[in-house]
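Below is one structure, written out as structure tokens, with a few remarks after it.
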Amino acid sequence: MSLVVDSISKRFGDVVALDGASFSVEPGRIFGLLGANGAGKTTAMRIVLDILRADEGRVTWMGSVNTELPRSTWGYLPEERGLYTKMKVGEQLRFFSALYGVPDDTARAEITDWLERFRIPDYFDRKVEELSKGNQQKIQFIAAILHDPAVLIMDEPFTGLDPVNVRLLKEAFIEMRDRGKTLIFSTHQMETVEELCESIAIIDQGRVIVSGPVRDVKRAMGRQVVKLAIEADGHGADWLGQLPDVDVTAEREDYVELRVPADRDPETILRAALDRGFRVLHFEIAEPSLEEIFIEHVGRRAVDEDEEHLATTAKEAAS
Amino acid sequence: MSGLFPNLFHVARREYLVRVRGRAFLITTALLAVAVISLMLVPTILAATGVADPPAVAVVDEAGDLPVDPVTVVQGALAPPESDGADQPQVVLEDDPDAAGQAVRDGDYDALLTITRADDGEVAFEFLGSASPTNQTRQQVNAAAQQITVADRLNQEGVTPDQASEIFAPPTFVAVPIDPDDARNEEDFGGAFILAYAVVILTFMAILTYGNWVAQSVAEEKSGRVMELLITAATPRQLLIGKVLGTGAAGLSQYVVIIVAAVIGYVVGGPISEALGVSGDSPISLPDLGPTIVLTFGAFFLLGFLLYATLYAAAGSMVSRVEDAQQAAGPLIFLAIAGYFAAFSGLNDPDAQWVVVLSVIPFFSPYLMPARMLLTSPSAGEILLALVLLAATLALALWIASRIYSAGVLLYGQRVGLRSVWRATRVAR
């Protein structure tokens, strides 16, 4: 059983925010939601949280429809950070815990524990407005997890954090996953996704373009990336480009990057190089990066739409 | 949807504590308390500083043949009704008009009345003192002059002073109340009138001030984006009702401080005057109100406040910036002010048809019904109808407001129109 988002649609007036988006998240995993600004990530999260109701489609967690689940199922870190700036950290976190029904002494202990873990143990009695952005962000994260939710939903949690705090937050993510929690977060930072996520979904213009385990998504791209370095005074590219099905995607100072269809054995390139008598210094078979996948999917769709648009305009002009 | 508790309590508690601990609240409350105590002590202060001393008037009678004693008449016109000794005006017959005029300029007298017999045989008066037409002493002396002239003319027509006083003796006039239990009497009426004003003003202030707090606080949560977190932790109804109750409780705390201050001022006024050796008795005697009436007033006040505050919360949820909250609450403010003015006009004629009708209509009844209860005798049925209608409207307002609230809290952007909120209420939960 898992979190299933089943073809949800949502429109605000004339704007279509989500158009039949579907994806599913395995429990106890970290899931990345990728998309450009305005792609529909935040709307999708709000619908999962039942802050918004979808026009169509439904969301289930462990087989139950989300509208019937207790609110404490979810922990939420909104994109626009929101805390009472004039309230003290401890008092504020206790207030949110109380709303979720956490006993006050448990909440106090947990808050102290997390403040220590985030290296800000003295901030219990500080007003939020006195804290730096990074530290406010940590408080926001603590507010999302104090009631021990099964699913954590975080909208752009890494935005605006310095590298040290990014590190701390990533560690907290992994800790939560190890406690058996399910984590869903949206981001623009592909390296973070590569590092943390087992599965992803790419959303564009309200539609899920790709989703599934990162490995499968990469394989589904239908190609492999080969990095080859040979001792040949930089003349490698000419003959490599003439090999069947091989595209040279980048020619660097010390190596060449090639794209090979998935059904072709990349070792044929290595063999070809050896056959030509080159000395091979480096040979690597890699999968395309998420960055590439994202740009290819989102970028191509944008082009598609332009073409569609051109086609209709042409038709209209012809008639 | 889950029940209201305990989250309603947590929200209300936070709202109350944040409000009551705020510096603005503490300062305002302290200032109001000081102002109210001072206001209650005004009679004592005036007496102690001599501003409220009874007037001293000199009379010079150059006519010499008046049928009545001018000093007695002036004395009678200046004396407040039922006054007892200490604040009796001082009226002295002087011989020398020039010396007396000098004494007025020196401040020994407040005024000088010179009475002469004119060539045409009429009595003529000259008043030396404050020339302001609204000056009370001048008006009272003028009335005395009127009496003296009438008595003088009657005398010239052959009517003796004894006959004249018989002619002008007041008739026997007894006012019998329709409701025999209506214990209101003439002395109580002044106090009842002032109390009615106080009730109307206090209700109005509570609605405007504390209602505005509610709207501001909702808009603050929205603009500070805490709302997204709150709405995932609690239901819109819990948030809405908790906020209204928490703010209301803070406002009520302020009122309790003000009322306690007023009572302190009222109670200590007498002893302080006595210690100072002056008469500073509050001129108002408050009507004796039974516990039922006080409880009914409380019910009208609370229900009225809750009705307005609930709608203020909805208004606050429709805007994205705190600055816009006041504007969104515009129609409500208009309604509150309309009720306030209706009540003020209604106080002068509490039995008029339109006052009776408005006093049962929600939004107006919190002002008008308590005022009518003080000044006249609305039937128990009318009072009950007003309360039931008010409670029903509150229930309806809660339902509508929590829909607007749950739709409005996530609508960010420019000012949200009522129409788009209405659309949103149908798609939101």
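Residues in the structure tokens are numbered from 1 in each chain, the chains being A, B, ... in the order shown, and ligands are numbered from 1 in the order shown.
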Taking only C-alpha atoms into account, what are the residues of chain A at most 6 Å from chain B, put as a list in words?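 Listed by rising number, the hits are Arg53, Gly82, Leu83 and Leu99 of chain A.
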What's the 9 Å shell around B:Leu394, counting only C-alpha atoms, without same-chain residues fewer than 2 positions away, as a PyMOL selection string? chain B and resi 303-304+306-308+310+362+389-392+396-399
Would you output that residue set with N, CA and C atoms, as a tab-separated table (two decimals), in the first residue's frame?
```tsv
chain	number	residue	atom	x	y	z
B	303	LEU	N	-23.85	38.10	22.25
B	303	LEU	CA	-24.32	37.61	20.96
B	303	LEU	C	-24.05	38.64	19.87
B	304	GLY	N	-24.29	39.90	20.19
B	304	GLY	CA	-24.06	40.96	19.21
B	304	GLY	C	-22.60	41.04	18.83
B	306	LEU	N	-20.33	38.65	19.09
B	306	LEU	CA	-19.92	37.44	18.37
B	306	LEU	C	-20.39	37.50	16.92
B	307	LEU	N	-21.61	38.01	16.70
B	307	LEU	CA	-22.12	38.10	15.34
B	307	LEU	C	-21.22	38.99	14.48
B	308	TYR	N	-20.93	40.17	15.00
B	308	TYR	CA	-20.08	41.08	14.24
B	308	TYR	C	-18.66	40.51	14.09
B	310	THR	N	-17.56	37.47	14.09
B	310	THR	CA	-17.51	36.34	13.15
B	310	THR	C	-17.39	36.86	11.72
B	362	PRO	N	-31.69	41.55	14.13
B	362	PRO	CA	-30.28	41.30	14.42
B	362	PRO	C	-29.42	42.42	13.82
B	389	LEU	N	-33.74	35.61	17.35
B	389	LEU	CA	-33.32	36.03	16.01
B	389	LEU	C	-31.82	36.28	15.97
B	390	LEU	N	-31.31	36.89	17.04
B	390	LEU	CA	-29.88	37.20	17.09
B	390	LEU	C	-29.06	35.92	17.10
B	391	ALA	N	-29.50	34.95	17.92
B	391	ALA	CA	-28.77	33.68	18.02
B	391	ALA	C	-28.83	32.93	16.69
B	392	ALA	N	-29.99	32.95	16.05
B	392	ALA	CA	-30.13	32.25	14.77
B	392	ALA	C	-29.23	32.88	13.71
B	396	LEU	N	-26.11	31.23	11.54
B	396	LEU	CA	-26.01	31.35	10.09
B	396	LEU	C	-24.69	32.03	9.70
B	397	ALA	N	-24.34	33.09	10.44
B	397	ALA	CA	-23.11	33.82	10.15
B	397	ALA	C	-21.90	32.91	10.33
B	398	LEU	N	-21.93	32.06	11.35
B	398	LEU	CA	-20.82	31.13	11.59
B	398	LEU	C	-20.67	30.19	10.41
B	399	TRP	N	-21.79	29.71	9.92
B	399	TRP	CA	-21.75	28.77	8.81
B	399	TRP	C	-21.18	29.45	7.57
```
Selection: 10 Å around stretch 257-264 of chain A, only C-alpha atoms, excl. self and same-chain fewer than 6 positions, as JSON, numbers by chain: {"A": [219, 220, 221, 222, 223, 224, 225, 226, 227, 228, 229, 237, 240, 241, 244, 245, 246, 247, 248, 249, 250, 251, 284, 285, 286, 287, 288]}
Apply DSSP to the backbone of this structure and, from stretch 98-283 of chain A, keep only the residues in helix (DSSP H, G or I); write these as a count of residues only. 83
Within 9 Å of B:Pro366 using only C-alpha atoms, minus same-chain residues under 6 positions, as a PDB file with N, CA and C atoms, in the first residue's frame:
```pdb
ATOM      1  N   VAL B 200     -25.150  51.564  24.850  1.00  0.00           N
ATOM      2  CA  VAL B 200     -25.030  51.715  23.394  1.00  0.00           C
ATOM      3  C   VAL B 200     -23.578  51.996  23.009  1.00  0.00           C
ATOM      4  N   THR B 203     -21.286  48.905  23.585  1.00  0.00           N
ATOM      5  CA  THR B 203     -21.502  47.880  22.566  1.00  0.00           C
ATOM      6  C   THR B 203     -20.840  48.295  21.258  1.00  0.00           C
ATOM      7  N   PHE B 297     -28.838  41.845  29.354  1.00  0.00           N
ATOM      8  CA  PHE B 297     -27.889  42.776  28.731  1.00  0.00           C
ATOM      9  C   PHE B 297     -26.634  42.031  28.292  1.00  0.00           C
ATOM     10  N   ALA B 299     -26.307  38.931  27.538  1.00  0.00           N
ATOM     11  CA  ALA B 299     -26.602  38.066  26.395  1.00  0.00           C
ATOM     12  C   ALA B 299     -26.614  38.878  25.103  1.00  0.00           C
ATOM     13  N   PHE B 300     -27.267  40.037  25.138  1.00  0.00           N
ATOM     14  CA  PHE B 300     -27.303  40.878  23.938  1.00  0.00           C
ATOM     15  C   PHE B 300     -25.899  41.332  23.555  1.00  0.00           C
ATOM     16  N   PHE B 301     -25.144  41.719  24.555  1.00  0.00           N
ATOM     17  CA  PHE B 301     -23.786  42.203  24.284  1.00  0.00           C
ATOM     18  C   PHE B 301     -22.936  41.104  23.654  1.00  0.00           C
ATOM     19  N   LEU B 302     -22.952  39.910  24.285  1.00  0.00           N
ATOM     20  CA  LEU B 302     -22.110  38.817  23.797  1.00  0.00           C
ATOM     21  C   LEU B 302     -22.539  38.349  22.408  1.00  0.00           C
ATOM     22  N   LEU B 303     -23.848  38.099  22.252  1.00  0.00           N
ATOM     23  CA  LEU B 303     -24.320  37.608  20.955  1.00  0.00           C
ATOM     24  C   LEU B 303     -24.049  38.642  19.865  1.00  0.00           C
ATOM     25  N   GLY B 304     -24.289  39.899  20.191  1.00  0.00           N
ATOM     26  CA  GLY B 304     -24.056  40.956  19.213  1.00  0.00           C
ATOM     27  C   GLY B 304     -22.596  41.036  18.825  1.00  0.00           C
ATOM     28  N   PHE B 305     -21.736  40.987  19.831  1.00  0.00           N
ATOM     29  CA  PHE B 305     -20.302  41.044  19.549  1.00  0.00           C
ATOM     30  C   PHE B 305     -19.877  39.851  18.701  1.00  0.00           C
ATOM     31  N   GLY B 339     -26.371  51.095  13.179  1.00  0.00           N
ATOM     32  CA  GLY B 339     -27.046  50.662  14.396  1.00  0.00           C
ATOM     33  C   GLY B 339     -26.840  51.647  15.535  1.00  0.00           C
ATOM     34  N   SER B 359     -35.528  47.101  17.077  1.00  0.00           N
ATOM     35  CA  SER B 359     -34.984  46.517  18.302  1.00  0.00           C
ATOM     36  C   SER B 359     -35.079  44.995  18.329  1.00  0.00           C
ATOM     37  N   VAL B 360     -35.800  44.387  17.369  1.00  0.00           N
ATOM     38  CA  VAL B 360     -35.779  42.921  17.311  1.00  0.00           C
ATOM     39  C   VAL B 360     -34.943  42.432  16.136  1.00  0.00           C
ATOM     40  N   ALA B 386     -36.109  38.951  19.953  1.00  0.00           N
ATOM     41  CA  ALA B 386     -34.856  39.591  19.554  1.00  0.00           C
ATOM     42  C   ALA B 386     -33.680  38.667  19.824  1.00  0.00           C
ATOM     43  N   LEU B 387     -33.689  38.009  20.990  1.00  0.00           N
ATOM     44  CA  LEU B 387     -32.580  37.120  21.340  1.00  0.00           C
ATOM     45  C   LEU B 387     -32.518  35.914  20.416  1.00  0.00           C
ATOM     46  N   LEU B 390     -31.309  36.895  17.040  1.00  0.00           N
ATOM     47  CA  LEU B 390     -29.885  37.205  17.092  1.00  0.00           C
ATOM     48  C   LEU B 390     -29.064  35.922  17.105  1.00  0.00           C
TER      49      LEU B 390
END
```
Using DSSP on the backbone, list every residue of stretch 50-287 of chain A that comes out as strand (DSSP E or B), and give them as a ChimeraX atom specification. /A:56-61,64-65,74-77,88,127,151-155,182-187,199-204,207-213,223-230,247-251,256-261,280-286
Nearest residue to A:Val59 from the set A:Ala150, A:Ala144, A:Val25, A:Ile139 (distances using only C-alpha atoms):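 Of A:Ala150, A:Ala144, A:Val25, A:Ile139, the one nearest A:Val59, counting only C-alpha atoms, is A:Val25.
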Within 12 Å of stretch 114-125 of chain A using only C-alpha atoms, minus same-chain residues under 3 positions, as a JSON list (two decimals) with C-alpha atoms, in the first residue's frame:
```json
[["chain", "number", "residue", "atom", "x", "y", "z"],
["A", 86, "LYS", "CA", 6.44, 37.67, 17.30],
["A", 87, "MET", "CA", 5.99, 34.41, 19.18],
["A", 88, "LYS", "CA", 8.79, 32.57, 20.91],
["A", 89, "VAL", "CA", 10.10, 29.43, 19.23],
["A", 90, "GLY", "CA", 9.20, 27.04, 22.05],
["A", 91, "GLU", "CA", 5.78, 28.50, 22.71],
["A", 92, "GLN", "CA", 4.96, 28.44, 19.02],
["A", 93, "LEU", "CA", 6.05, 24.85, 18.48],
["A", 94, "ARG", "CA", 4.09, 23.78, 21.56],
["A", 107, "ALA", "CA", 6.30, 18.21, 22.79],
["A", 108, "ARG", "CA", 8.76, 20.01, 25.07],
["A", 109, "ALA", "CA", 11.15, 17.05, 25.08],
["A", 110, "GLU", "CA", 10.96, 16.66, 21.31],
["A", 111, "ILE", "CA", 11.49, 20.37, 20.70],
["A", 128, "VAL", "CA", 11.11, 33.85, 15.62],
["A", 129, "GLU", "CA", 11.72, 37.29, 14.10],
["A", 130, "GLU", "CA", 15.15, 37.36, 15.78],
["A", 131, "LEU", "CA", 16.28, 34.22, 13.92],
["A", 132, "SER", "CA", 18.14, 34.02, 10.62],
["A", 134, "GLY", "CA", 18.10, 29.35, 7.78],
["A", 135, "ASN", "CA", 17.25, 28.91, 11.42],
["A", 136, "GLN", "CA", 13.61, 29.87, 10.83],
["A", 137, "GLN", "CA", 13.58, 27.16, 8.21],
["A", 138, "LYS", "CA", 14.75, 24.61, 10.77],
["A", 139, "ILE", "CA", 11.97, 25.70, 13.12],
["A", 140, "GLN", "CA", 9.53, 25.31, 10.25],
["A", 141, "PHE", "CA", 10.78, 21.77, 9.71],
["A", 142, "ILE", "CA", 10.39, 20.95, 13.41],
["A", 143, "ALA", "CA", 6.83, 22.34, 13.27],
["A", 144, "ALA", "CA", 6.10, 19.89, 10.47],
["A", 145, "ILE", "CA", 7.32, 16.76, 12.27],
["A", 146, "LEU", "CA", 6.55, 17.27, 15.98],
["A", 164, "VAL", "CA", 25.76, 23.67, 6.20],
["A", 165, "ASN", "CA", 22.02, 23.86, 6.81],
["A", 166, "VAL", "CA", 21.30, 21.91, 3.63],
["A", 167, "ARG", "CA", 23.52, 19.18, 5.04],
["A", 168, "LEU", "CA", 21.69, 19.22, 8.39],
["A", 169, "LEU", "CA", 18.29, 19.10, 6.71],
["A", 170, "LYS", "CA", 19.35, 16.21, 4.45],
["A", 171, "GLU", "CA", 20.51, 14.29, 7.51],
["A", 172, "ALA", "CA", 17.14, 14.96, 9.12],
["A", 175, "GLU", "CA", 16.70, 10.07, 9.81]]
```
Taking 2 positions as the minimum chain separation for residues in the same chain, which residues sit within 7 Å of A:Thr67 when counting only C-alpha atoms? Answer as a PyMOL selection string. chain A and resi 50+65+69
Considering only C-alpha atoms, return as a list in words whatever protein or nucleic-acid residues lie within 10 Å of stretch 346-352 of chain B, sequence-local ones (same chain, fewer than 2 positions apart) excluded.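 Skipping anything fewer than 2 positions along the chain leaves Phe193, Ala196, Tyr197, Val200, Tyr340, Phe341, Ala342, Ala343, Phe344, Trp354, Val355, Val356, Val357, Leu358, Ser359, Tyr367, Leu368, Met369, Ala371, Arg372, Met373, Leu374, Leu375, Thr376, Ser377 and Pro378 of chain B.
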Take the selection from the previous step and output its residues with C-alpha atoms, as a PDB file, in the first residue's frame.
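What ended up in selection20.pdb:
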```
ATOM      1  CA  PHE B 193     -30.950  57.473  30.320  1.00  0.00           C
ATOM      2  CA  ALA B 196     -28.738  53.472  28.131  1.00  0.00           C
ATOM      3  CA  TYR B 197     -26.206  55.753  26.457  1.00  0.00           C
ATOM      4  CA  VAL B 200     -25.030  51.715  23.394  1.00  0.00           C
ATOM      5  CA  TYR B 340     -25.279  53.102  16.660  1.00  0.00           C
ATOM      6  CA  PHE B 341     -26.980  56.151  15.186  1.00  0.00           C
ATOM      7  CA  ALA B 342     -30.348  54.403  15.060  1.00  0.00           C
ATOM      8  CA  ALA B 343     -29.950  53.705  18.763  1.00  0.00           C
ATOM      9  CA  PHE B 344     -29.088  57.314  19.520  1.00  0.00           C
ATOM     10  CA  TRP B 354     -39.484  52.043  13.879  1.00  0.00           C
ATOM     11  CA  VAL B 355     -37.502  51.724  17.109  1.00  0.00           C
ATOM     12  CA  VAL B 356     -39.673  48.787  18.210  1.00  0.00           C
ATOM     13  CA  VAL B 357     -39.145  47.068  14.841  1.00  0.00           C
ATOM     14  CA  LEU B 358     -35.388  47.682  14.719  1.00  0.00           C
ATOM     15  CA  SER B 359     -34.984  46.517  18.302  1.00  0.00           C
ATOM     16  CA  TYR B 367     -27.949  48.349  20.655  1.00  0.00           C
ATOM     17  CA  LEU B 368     -31.650  49.072  20.712  1.00  0.00           C
ATOM     18  CA  MET B 369     -33.203  46.377  22.879  1.00  0.00           C
ATOM     19  CA  ALA B 371     -31.730  50.774  25.540  1.00  0.00           C
ATOM     20  CA  ARG B 372     -35.465  50.180  25.278  1.00  0.00           C
ATOM     21  CA  MET B 373     -35.358  47.907  28.330  1.00  0.00           C
ATOM     22  CA  LEU B 374     -33.875  50.770  30.315  1.00  0.00           C
ATOM     23  CA  LEU B 375     -36.145  53.525  29.055  1.00  0.00           C
ATOM     24  CA  THR B 376     -39.485  51.820  28.493  1.00  0.00           C
ATOM     25  CA  SER B 377     -41.055  48.408  28.941  1.00  0.00           C
ATOM     26  CA  PRO B 378     -40.713  46.105  25.953  1.00  0.00           C
TER      27      PRO B 378
END
```
